[in-house]
Amino acid sequence: MTDEVPGFRKIIYLSFPPETCGRPVVCNLAMLHNLSFNILKADISPRHEGSLTLEVSGREDDYRKGLSYLKENGVKITPASQKVFRDEDLCMHCGVCTSLCRTKALSVDMATRRVVFDVERCSACGMCTRVCPVHAMIVDMDDADELN
Ligand code: SF4
Ligand code: SF4
């Protein structure tokens, strides 16, 4: 589902237990809760644990109900923004990462010539970690707090 709905928008990371991987719980976000979503990253195999990074948009109350529905179905939800960090001491604002950042979470502020990191736009795709010459970008896949 790719139609954009104006208003509330969040990027979330979902972890699916094996018993949920074969069920259409994400499709039901649209069917039952009137939400739109873009799949930014997926790692799903039948009968195994899986993960999805989703950009969800719609009304905030529908989003809250959608999250409750996912949790009722055993899906662990983490804001993608809790998974990515920039080491401000290491970053030298070279700009290499900005060309690979699809969500524009990393961008050059033309006034200051510094690279700005907008964590709320980040999808935790990890592309920046592959190109940063000083390893300033860190994606932590394990230690993020679950969304309540
Ligand atoms: S590639 Fe690394 S050092 Fe360069 S701007 Fe991006 S985070 Fe900073
Ligand atoms: S992980 Fe890096 S490249 Fe991917 S969206 Fe976040 S800041 Fe951009």
# chains A, B, ... in the order shown; residues from 1 in each chain; ligands from 1
$ select_by_dssp --residues "chain A" --states "strand (DSSP E)" --output "ChimeraX atom specification"
/A:8-16,36-43,50-58,76-79,84-86,106-109,114-117,137-139
$ closest_atom_pairs --of "chain A" --to "ligand 1" --cutoff "9 Å" --atoms "only C-alpha atoms and all ligand atoms" --output "CSV"
residue,atom,partner,partner_atom_place_in_ligand_line,distance
A:Arg86,CA,ligand 1,7 (S),6.5
A:Asp87,CA,ligand 1,7 (S),7.8
A:Glu88,CA,ligand 1,8 (Fe),8.0
A:Leu90,CA,ligand 1,3 (S),6.6
A:Cys91,CA,ligand 1,8 (Fe),3.7
A:Met92,CA,ligand 1,3 (S),4.4
A:His93,CA,ligand 1,5 (S),3.6
A:Cys94,CA,ligand 1,4 (Fe),4.0
A:Gly95,CA,ligand 1,5 (S),4.1
A:Val96,CA,ligand 1,1 (S),4.4
A:Cys97,CA,ligand 1,1 (S),4.2
A:Thr98,CA,ligand 1,6 (Fe),6.5
A:Leu106,CA,ligand 1,6 (Fe),7.4
A:Ser107,CA,ligand 1,5 (S),8.6
A:Val108,CA,ligand 1,5 (S),8.5
A:Arg114,CA,ligand 1,5 (S),7.7
A:Val115,CA,ligand 1,5 (S),5.5
A:Val116,CA,ligand 1,5 (S),8.3
A:Phe117,CA,ligand 1,7 (S),8.4
A:Cys128,CA,ligand 1,1 (S),6.6
A:Thr129,CA,ligand 1,2 (Fe),7.7
A:Arg130,CA,ligand 1,1 (S),8.9
A:Val131,CA,ligand 1,1 (S),6.1
A:Cys132,CA,ligand 1,1 (S),3.7
A:Pro133,CA,ligand 1,2 (Fe),5.9
A:Val134,CA,ligand 1,3 (S),5.7
A:His135,CA,ligand 1,2 (Fe),6.2
A:Ala136,CA,ligand 1,7 (S),5.0
A:Met137,CA,ligand 1,7 (S),5.3
$ write_last_selection --atoms "N, CA and C atoms" --output "PDB file, in the first residue's frame"
ATOM      1  N   ARG A  86      23.968   8.813  15.886  1.00  0.00           N
ATOM      2  CA  ARG A  86      25.171   9.375  15.269  1.00  0.00           C
ATOM      3  C   ARG A  86      26.130   9.792  16.379  1.00  0.00           C
ATOM      4  N   ASP A  87      27.356   9.354  16.268  1.00  0.00           N
ATOM      5  CA  ASP A  87      28.390   9.774  17.212  1.00  0.00           C
ATOM      6  C   ASP A  87      28.850  11.161  16.777  1.00  0.00           C
ATOM      7  N   GLU A  88      28.404  12.163  17.525  1.00  0.00           N
ATOM      8  CA  GLU A  88      28.677  13.547  17.131  1.00  0.00           C
ATOM      9  C   GLU A  88      30.159  13.888  17.213  1.00  0.00           C
ATOM     10  N   LEU A  90      32.544  11.834  16.321  1.00  0.00           N
ATOM     11  CA  LEU A  90      33.214  11.239  15.165  1.00  0.00           C
ATOM     12  C   LEU A  90      32.839  11.902  13.843  1.00  0.00           C
ATOM     13  N   CYS A  91      31.561  12.312  13.718  1.00  0.00           N
ATOM     14  CA  CYS A  91      31.098  12.848  12.428  1.00  0.00           C
ATOM     15  C   CYS A  91      31.900  14.078  12.025  1.00  0.00           C
ATOM     16  N   MET A  92      32.405  14.045  10.797  1.00  0.00           N
ATOM     17  CA  MET A  92      33.192  15.174  10.298  1.00  0.00           C
ATOM     18  C   MET A  92      32.447  15.933   9.199  1.00  0.00           C
ATOM     19  N   HIS A  93      31.141  15.617   9.043  1.00  0.00           N
ATOM     20  CA  HIS A  93      30.263  16.362   8.141  1.00  0.00           C
ATOM     21  C   HIS A  93      30.774  16.350   6.695  1.00  0.00           C
ATOM     22  N   CYS A  94      31.261  15.172   6.307  1.00  0.00           N
ATOM     23  CA  CYS A  94      31.766  15.050   4.931  1.00  0.00           C
ATOM     24  C   CYS A  94      30.634  14.990   3.917  1.00  0.00           C
ATOM     25  N   GLY A  95      29.440  14.523   4.334  1.00  0.00           N
ATOM     26  CA  GLY A  95      28.285  14.484   3.440  1.00  0.00           C
ATOM     27  C   GLY A  95      28.134  13.205   2.625  1.00  0.00           C
ATOM     28  N   VAL A  96      29.045  12.263   2.757  1.00  0.00           N
ATOM     29  CA  VAL A  96      28.978  11.029   1.958  1.00  0.00           C
ATOM     30  C   VAL A  96      27.648  10.307   2.178  1.00  0.00           C
ATOM     31  N   CYS A  97      27.198  10.267   3.413  1.00  0.00           N
ATOM     32  CA  CYS A  97      25.990   9.506   3.744  1.00  0.00           C
ATOM     33  C   CYS A  97      24.727  10.119   3.139  1.00  0.00           C
ATOM     34  N   THR A  98      24.706  11.399   2.873  1.00  0.00           N
ATOM     35  CA  THR A  98      23.457  12.063   2.469  1.00  0.00           C
ATOM     36  C   THR A  98      22.946  11.569   1.117  1.00  0.00           C
ATOM     37  N   LEU A 106      19.319  12.297   6.677  1.00  0.00           N
ATOM     38  CA  LEU A 106      20.633  12.951   6.659  1.00  0.00           C
ATOM     39  C   LEU A 106      20.658  13.927   5.494  1.00  0.00           C
ATOM     40  N   SER A 107      20.917  15.167   5.791  1.00  0.00           N
ATOM     41  CA  SER A 107      20.918  16.176   4.730  1.00  0.00           C
ATOM     42  C   SER A 107      21.894  17.289   5.094  1.00  0.00           C
ATOM     43  N   VAL A 108      22.327  17.999   4.078  1.00  0.00           N
ATOM     44  CA  VAL A 108      23.278  19.085   4.300  1.00  0.00           C
ATOM     45  C   VAL A 108      22.516  20.386   4.540  1.00  0.00           C
ATOM     46  N   ARG A 114      26.911  21.883   7.382  1.00  0.00           N
ATOM     47  CA  ARG A 114      27.016  20.715   8.253  1.00  0.00           C
ATOM     48  C   ARG A 114      25.914  19.727   7.903  1.00  0.00           C
ATOM     49  N   VAL A 115      26.161  18.463   8.191  1.00  0.00           N
ATOM     50  CA  VAL A 115      25.170  17.424   7.915  1.00  0.00           C
ATOM     51  C   VAL A 115      24.236  17.302   9.115  1.00  0.00           C
ATOM     52  N   VAL A 116      22.946  17.469   8.835  1.00  0.00           N
ATOM     53  CA  VAL A 116      21.921  17.408   9.878  1.00  0.00           C
ATOM     54  C   VAL A 116      21.337  15.994   9.895  1.00  0.00           C
ATOM     55  N   PHE A 117      21.146  15.451  11.084  1.00  0.00           N
ATOM     56  CA  PHE A 117      20.518  14.136  11.226  1.00  0.00           C
ATOM     57  C   PHE A 117      19.155  14.316  11.879  1.00  0.00           C
ATOM     58  N   CYS A 128      23.701   4.258   5.687  1.00  0.00           N
ATOM     59  CA  CYS A 128      24.725   5.224   6.089  1.00  0.00           C
ATOM     60  C   CYS A 128      25.883   4.548   6.831  1.00  0.00           C
ATOM     61  N   THR A 129      25.569   3.482   7.558  1.00  0.00           N
ATOM     62  CA  THR A 129      26.635   2.806   8.316  1.00  0.00           C
ATOM     63  C   THR A 129      27.644   2.147   7.375  1.00  0.00           C
ATOM     64  N   ARG A 130      27.200   1.833   6.162  1.00  0.00           N
ATOM     65  CA  ARG A 130      28.101   1.154   5.221  1.00  0.00           C
ATOM     66  C   ARG A 130      29.075   2.107   4.557  1.00  0.00           C
ATOM     67  N   VAL A 131      28.720   3.371   4.501  1.00  0.00           N
ATOM     68  CA  VAL A 131      29.567   4.298   3.739  1.00  0.00           C
ATOM     69  C   VAL A 131      30.327   5.305   4.611  1.00  0.00           C
ATOM     70  N   CYS A 132      29.924   5.426   5.863  1.00  0.00           N
ATOM     71  CA  CYS A 132      30.569   6.450   6.696  1.00  0.00           C
ATOM     72  C   CYS A 132      32.038   6.069   6.953  1.00  0.00           C
ATOM     73  N   PRO A 133      32.964   6.905   6.541  1.00  0.00           N
ATOM     74  CA  PRO A 133      34.372   6.545   6.644  1.00  0.00           C
ATOM     75  C   PRO A 133      34.891   6.469   8.078  1.00  0.00           C
ATOM     76  N   VAL A 134      34.173   7.108   9.010  1.00  0.00           N
ATOM     77  CA  VAL A 134      34.644   7.091  10.409  1.00  0.00           C
ATOM     78  C   VAL A 134      33.696   6.315  11.331  1.00  0.00           C
ATOM     79  N   HIS A 135      32.715   5.638  10.730  1.00  0.00           N
ATOM     80  CA  HIS A 135      31.756   4.820  11.494  1.00  0.00           C
ATOM     81  C   HIS A 135      31.017   5.648  12.551  1.00  0.00           C
ATOM     82  N   ALA A 136      30.584   6.811  12.133  1.00  0.00           N
ATOM     83  CA  ALA A 136      29.850   7.673  13.068  1.00  0.00           C
ATOM     84  C   ALA A 136      28.385   7.257  13.201  1.00  0.00           C
ATOM     85  N   MET A 137      27.840   6.598  12.177  1.00  0.00           N
ATOM     86  CA  MET A 137      26.433   6.179  12.230  1.00  0.00           C
ATOM     87  C   MET A 137      26.352   4.756  12.776  1.00  0.00           C
TER      88      MET A 137
END
$ residues_near_ligand --ligand "ligand 2" --cutoff "9 Å" --atoms "only C-alpha atoms and all ligand atoms" --output "PyMOL selection string"
chain A and resi 80-81+83-86+97-106+117-130+137-139
$ residues_around --residues "region 55-70 of chain A" --least-positions-apart "3" --cutoff "10 Å" --atoms "only C-alpha atoms" --output "number ranges by chain"
A: 1-14, 16, 20, 25-26, 28-30, 32-41, 52, 73-77, 80, 121-123, 147-148
$ closest_residue --among "A:Arg47, A:Leu54, A:Met110, A:Glu72" --to "Pro18 (chain A)" --atoms "only C-alpha atoms"
A:Arg47
$ atom_distance --atom1 "CA of Gly22 (chain A)" --atom2 "CA of Pro79 (chain A)"
22.9 Å
$ select_by_dssp --residues "chain A" --states "alpha helix (DSSP H)" --output "list in words"
Cys27, Asn28, Leu29, Ala30, Met31, Leu32, His33, Glu60, Asp61, Asp62, Tyr63, Arg64, Lys65, Gly66, Leu67, Ser68, Tyr69, Leu70, Lys71, Glu72, Met127, Cys128, Thr129, Arg130 and Val131 of chain A
$ atom_distance --atom1 "CA of Glu49 (chain A)" --atom2 "CA of Pro17 (chain A)"
4.8 Å
